[in-house]
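entry-v8.txt follows; it contains compact mmCIF, N, CA and C atoms.
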```
# COMPACT_ATOMS: atom_id res chain seq x y z
N MET D 758 0.84 -1.18 0.00
CA MET D 758 0.00 0.00 0.00
C MET D 758 0.89 1.25 0.00
N MET D 759 0.32 2.29 -0.52
CA MET D 759 1.03 3.58 -0.63
C MET D 759 0.08 4.68 -0.16
N ARG D 760 0.59 5.60 0.62
CA ARG D 760 -0.20 6.75 1.08
C ARG D 760 0.08 7.91 0.14
N ILE D 761 -0.99 8.51 -0.40
CA ILE D 761 -0.84 9.65 -1.30
C ILE D 761 -1.67 10.83 -0.79
N ARG D 762 -1.28 12.02 -1.21
CA ARG D 762 -2.02 13.25 -0.93
C ARG D 762 -2.54 13.76 -2.26
N ILE D 763 -3.84 13.99 -2.36
CA ILE D 763 -4.46 14.46 -3.59
C ILE D 763 -4.04 15.92 -3.82
N THR D 764 -3.56 16.21 -5.03
CA THR D 764 -3.11 17.57 -5.35
C THR D 764 -4.03 18.27 -6.34
N GLN D 765 -4.96 17.53 -6.93
CA GLN D 765 -5.89 18.13 -7.89
C GLN D 765 -7.29 17.58 -7.66
N GLY D 766 -8.24 18.48 -7.64
CA GLY D 766 -9.63 18.06 -7.55
C GLY D 766 -10.07 17.49 -8.89
N MET D 767 -11.15 16.75 -8.86
CA MET D 767 -11.72 16.17 -10.07
C MET D 767 -13.17 16.64 -10.20
N PRO D 768 -13.72 16.53 -11.41
CA PRO D 768 -15.12 16.93 -11.61
C PRO D 768 -16.07 16.10 -10.74
N GLU D 769 -17.22 16.67 -10.45
CA GLU D 769 -18.22 15.96 -9.67
C GLU D 769 -18.53 14.63 -10.34
N GLY D 770 -18.61 13.60 -9.53
CA GLY D 770 -18.90 12.27 -10.05
C GLY D 770 -17.65 11.41 -10.23
N ALA D 771 -16.46 12.02 -10.18
CA ALA D 771 -15.22 11.24 -10.31
C ALA D 771 -15.08 10.34 -9.09
N GLN D 772 -14.47 9.17 -9.31
CA GLN D 772 -14.31 8.21 -8.24
C GLN D 772 -12.88 7.70 -8.16
N LEU D 773 -12.53 7.26 -6.97
CA LEU D 773 -11.26 6.60 -6.73
C LEU D 773 -11.59 5.32 -5.97
N ASN D 774 -11.39 4.19 -6.61
CA ASN D 774 -11.69 2.88 -6.01
C ASN D 774 -13.14 2.77 -5.56
N GLY D 775 -14.05 3.28 -6.38
CA GLY D 775 -15.47 3.14 -6.09
C GLY D 775 -16.03 4.14 -5.10
N GLU D 776 -15.21 5.04 -4.62
CA GLU D 776 -15.63 6.07 -3.67
C GLU D 776 -15.51 7.43 -4.35
N PRO D 777 -16.26 8.44 -3.87
CA PRO D 777 -16.10 9.78 -4.45
C PRO D 777 -14.64 10.24 -4.37
N TRP D 778 -14.19 10.95 -5.41
CA TRP D 778 -12.81 11.42 -5.46
C TRP D 778 -12.52 12.29 -4.23
N PRO D 779 -11.41 12.03 -3.54
CA PRO D 779 -11.09 12.82 -2.35
C PRO D 779 -10.85 14.29 -2.68
N ALA D 780 -11.06 15.14 -1.71
CA ALA D 780 -10.83 16.57 -1.88
C ALA D 780 -9.32 16.85 -1.97
N GLU D 781 -8.97 17.94 -2.62
CA GLU D 781 -7.57 18.35 -2.70
C GLU D 781 -7.00 18.46 -1.29
N GLY D 782 -5.84 17.85 -1.07
CA GLY D 782 -5.19 17.87 0.24
C GLY D 782 -5.49 16.65 1.09
N ASP D 783 -6.53 15.89 0.74
CA ASP D 783 -6.84 14.67 1.49
C ASP D 783 -5.76 13.62 1.25
N GLU D 784 -5.51 12.80 2.27
CA GLU D 784 -4.57 11.69 2.15
C GLU D 784 -5.34 10.39 2.17
N VAL D 785 -4.96 9.48 1.28
CA VAL D 785 -5.61 8.18 1.18
C VAL D 785 -4.57 7.09 0.93
N ASP D 786 -4.91 5.88 1.32
CA ASP D 786 -4.07 4.72 1.04
C ASP D 786 -4.62 4.01 -0.18
N VAL D 787 -3.74 3.73 -1.13
CA VAL D 787 -4.12 3.03 -2.36
C VAL D 787 -3.05 1.97 -2.64
N PRO D 788 -3.37 0.99 -3.49
CA PRO D 788 -2.34 0.03 -3.88
C PRO D 788 -1.13 0.76 -4.48
N THR D 789 0.05 0.24 -4.25
CA THR D 789 1.29 0.91 -4.66
C THR D 789 1.32 1.26 -6.14
N ALA D 790 0.94 0.33 -7.01
CA ALA D 790 0.97 0.60 -8.45
C ALA D 790 0.02 1.74 -8.81
N GLN D 791 -1.15 1.75 -8.21
CA GLN D 791 -2.11 2.81 -8.49
C GLN D 791 -1.59 4.15 -7.96
N GLY D 792 -1.01 4.15 -6.77
CA GLY D 792 -0.45 5.37 -6.21
C GLY D 792 0.67 5.93 -7.07
N ALA D 793 1.54 5.05 -7.56
CA ALA D 793 2.64 5.50 -8.42
C ALA D 793 2.09 6.12 -9.70
N HIS D 794 1.04 5.53 -10.24
CA HIS D 794 0.42 6.07 -11.46
C HIS D 794 -0.19 7.45 -11.20
N LEU D 795 -0.89 7.60 -10.08
CA LEU D 795 -1.51 8.89 -9.76
C LEU D 795 -0.45 9.97 -9.51
N VAL D 796 0.66 9.60 -8.87
CA VAL D 796 1.76 10.55 -8.66
C VAL D 796 2.38 10.93 -10.01
N ALA D 797 2.65 9.94 -10.85
CA ALA D 797 3.24 10.21 -12.16
C ALA D 797 2.31 11.06 -13.03
N SER D 798 1.00 10.91 -12.84
CA SER D 798 0.02 11.68 -13.60
C SER D 798 -0.12 13.11 -13.09
N GLY D 799 0.42 13.38 -11.93
CA GLY D 799 0.38 14.74 -11.38
C GLY D 799 -0.87 15.07 -10.60
N VAL D 800 -1.70 14.08 -10.28
CA VAL D 800 -2.91 14.37 -9.52
C VAL D 800 -2.74 14.07 -8.02
N ALA D 801 -1.57 13.53 -7.66
CA ALA D 801 -1.29 13.21 -6.27
C ALA D 801 0.21 13.28 -6.04
N GLU D 802 0.58 13.32 -4.76
CA GLU D 802 1.98 13.24 -4.38
C GLU D 802 2.09 12.21 -3.27
N GLU D 803 3.26 11.62 -3.14
CA GLU D 803 3.44 10.64 -2.09
C GLU D 803 3.39 11.35 -0.74
N ALA D 804 2.67 10.79 0.19
CA ALA D 804 2.55 11.35 1.53
C ALA D 804 3.27 10.43 2.50
N PRO D 805 3.81 10.99 3.56
CA PRO D 805 4.44 10.11 4.55
C PRO D 805 3.41 9.18 5.17
N ALA D 806 3.80 7.96 5.42
CA ALA D 806 2.89 7.00 6.04
C ALA D 806 2.52 7.49 7.43
N LYS D 807 1.31 7.16 7.86
CA LYS D 807 0.90 7.53 9.21
C LYS D 807 1.80 6.82 10.20
N ARG D 808 2.23 7.55 11.20
CA ARG D 808 3.08 6.95 12.22
C ARG D 808 2.21 6.20 13.21
N ARG D 809 2.64 5.05 13.50
CA ARG D 809 1.94 4.22 14.48
C ARG D 809 2.83 4.05 15.69
N GLY D 810 2.29 4.33 16.84
CA GLY D 810 3.08 4.15 18.07
C GLY D 810 3.37 2.69 18.30
N ARG D 811 4.58 2.41 18.71
CA ARG D 811 4.96 1.02 18.98
C ARG D 811 5.48 0.92 20.40
N LYS D 812 5.09 -0.11 21.04
CA LYS D 812 5.61 -0.40 22.36
C LYS D 812 6.30 -1.74 22.27
N SER D 813 7.51 -1.78 22.76
CA SER D 813 8.30 -2.99 22.62
C SER D 813 7.86 -4.09 23.57
N GLY D 814 7.18 -3.70 24.65
CA GLY D 814 6.80 -4.71 25.62
C GLY D 814 7.91 -4.99 26.63
N ARG D 815 9.08 -4.38 26.39
CA ARG D 815 10.19 -4.54 27.32
C ARG D 815 10.31 -3.27 28.15
N GLY D 816 10.67 -3.44 29.38
CA GLY D 816 10.85 -2.29 30.25
C GLY D 816 12.26 -1.77 30.20
N GLY D 817 12.46 -0.56 29.75
CA GLY D 817 13.79 0.07 29.76
C GLY D 817 14.76 -0.56 28.79
N ASP D 818 16.03 -0.25 29.00
CA ASP D 818 17.10 -0.74 28.12
C ASP D 818 17.92 -1.82 28.77
N ASP D 819 17.34 -2.51 29.73
CA ASP D 819 18.15 -3.50 30.45
C ASP D 819 18.12 -4.88 29.81
N GLY D 820 17.67 -4.94 28.55
CA GLY D 820 17.87 -6.10 27.78
C GLY D 820 17.01 -7.21 27.75
```

Would you put the structure from the file into structure tokens?
Amino acid sequence: MMRIRITQGMPEGAQLNGEPWPAEGDEVDVPTAQGAHLVASGVAEEAPAKRRGRKSGRGGDDG
């Protein structure tokens, strides 16, 4: 999966994966090949992936 940010609006009725086309500035996750195509087409840019907090389950650095 690839996270993209929409850089261009589309006409009313346009769809992305069966859903209404996202508004300019919205971020969405799409399959990597589709995201690369949308970026190459100039209608989106790659967005940083959402950060997910991780807990190691270990206490401190004592190994």

**Request:** Counting only C-alpha atoms, write as a PyMOL selection string all protein and nucleic acid residues lying at most 12 Å from (5.8, 9.4, 5.6) in the file's frame.
**Result:** chain D and resi 759-762+784+786+802-809

**Complete:** One decimal place gives the CA of Asp783 in chain D-atom N of Leu795 in chain D separation as 14.8 Å

**Request:** Enter the distance from atom N of His794 in chain D to atom C of Glu769 in chain D, in Å, rounded to one decimal.
**Result:**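 Distance reported for this atom pair: 21.6 Å.
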
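In this structure, atom N of Gln772 in chain D sits 18.0 Å away from CA of Ala797 in chain D.
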
**Request:** Find the residues near range 776-782 of chain D: any atom within 6.5 Å, counting all atoms listed in the file, skip ones fewer than 6 places away on the same chain, and give them as a PyMOL selection string.
**Result:** chain D and resi 762-766+770

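Excluding Met758 in chain D itself and same-chain residues fewer than 5 positions from it, the residues having an atom within 8 Å of it are D:Asp786, D:Val787, D:Pro788, D:Thr789, counting only C-alpha atoms.
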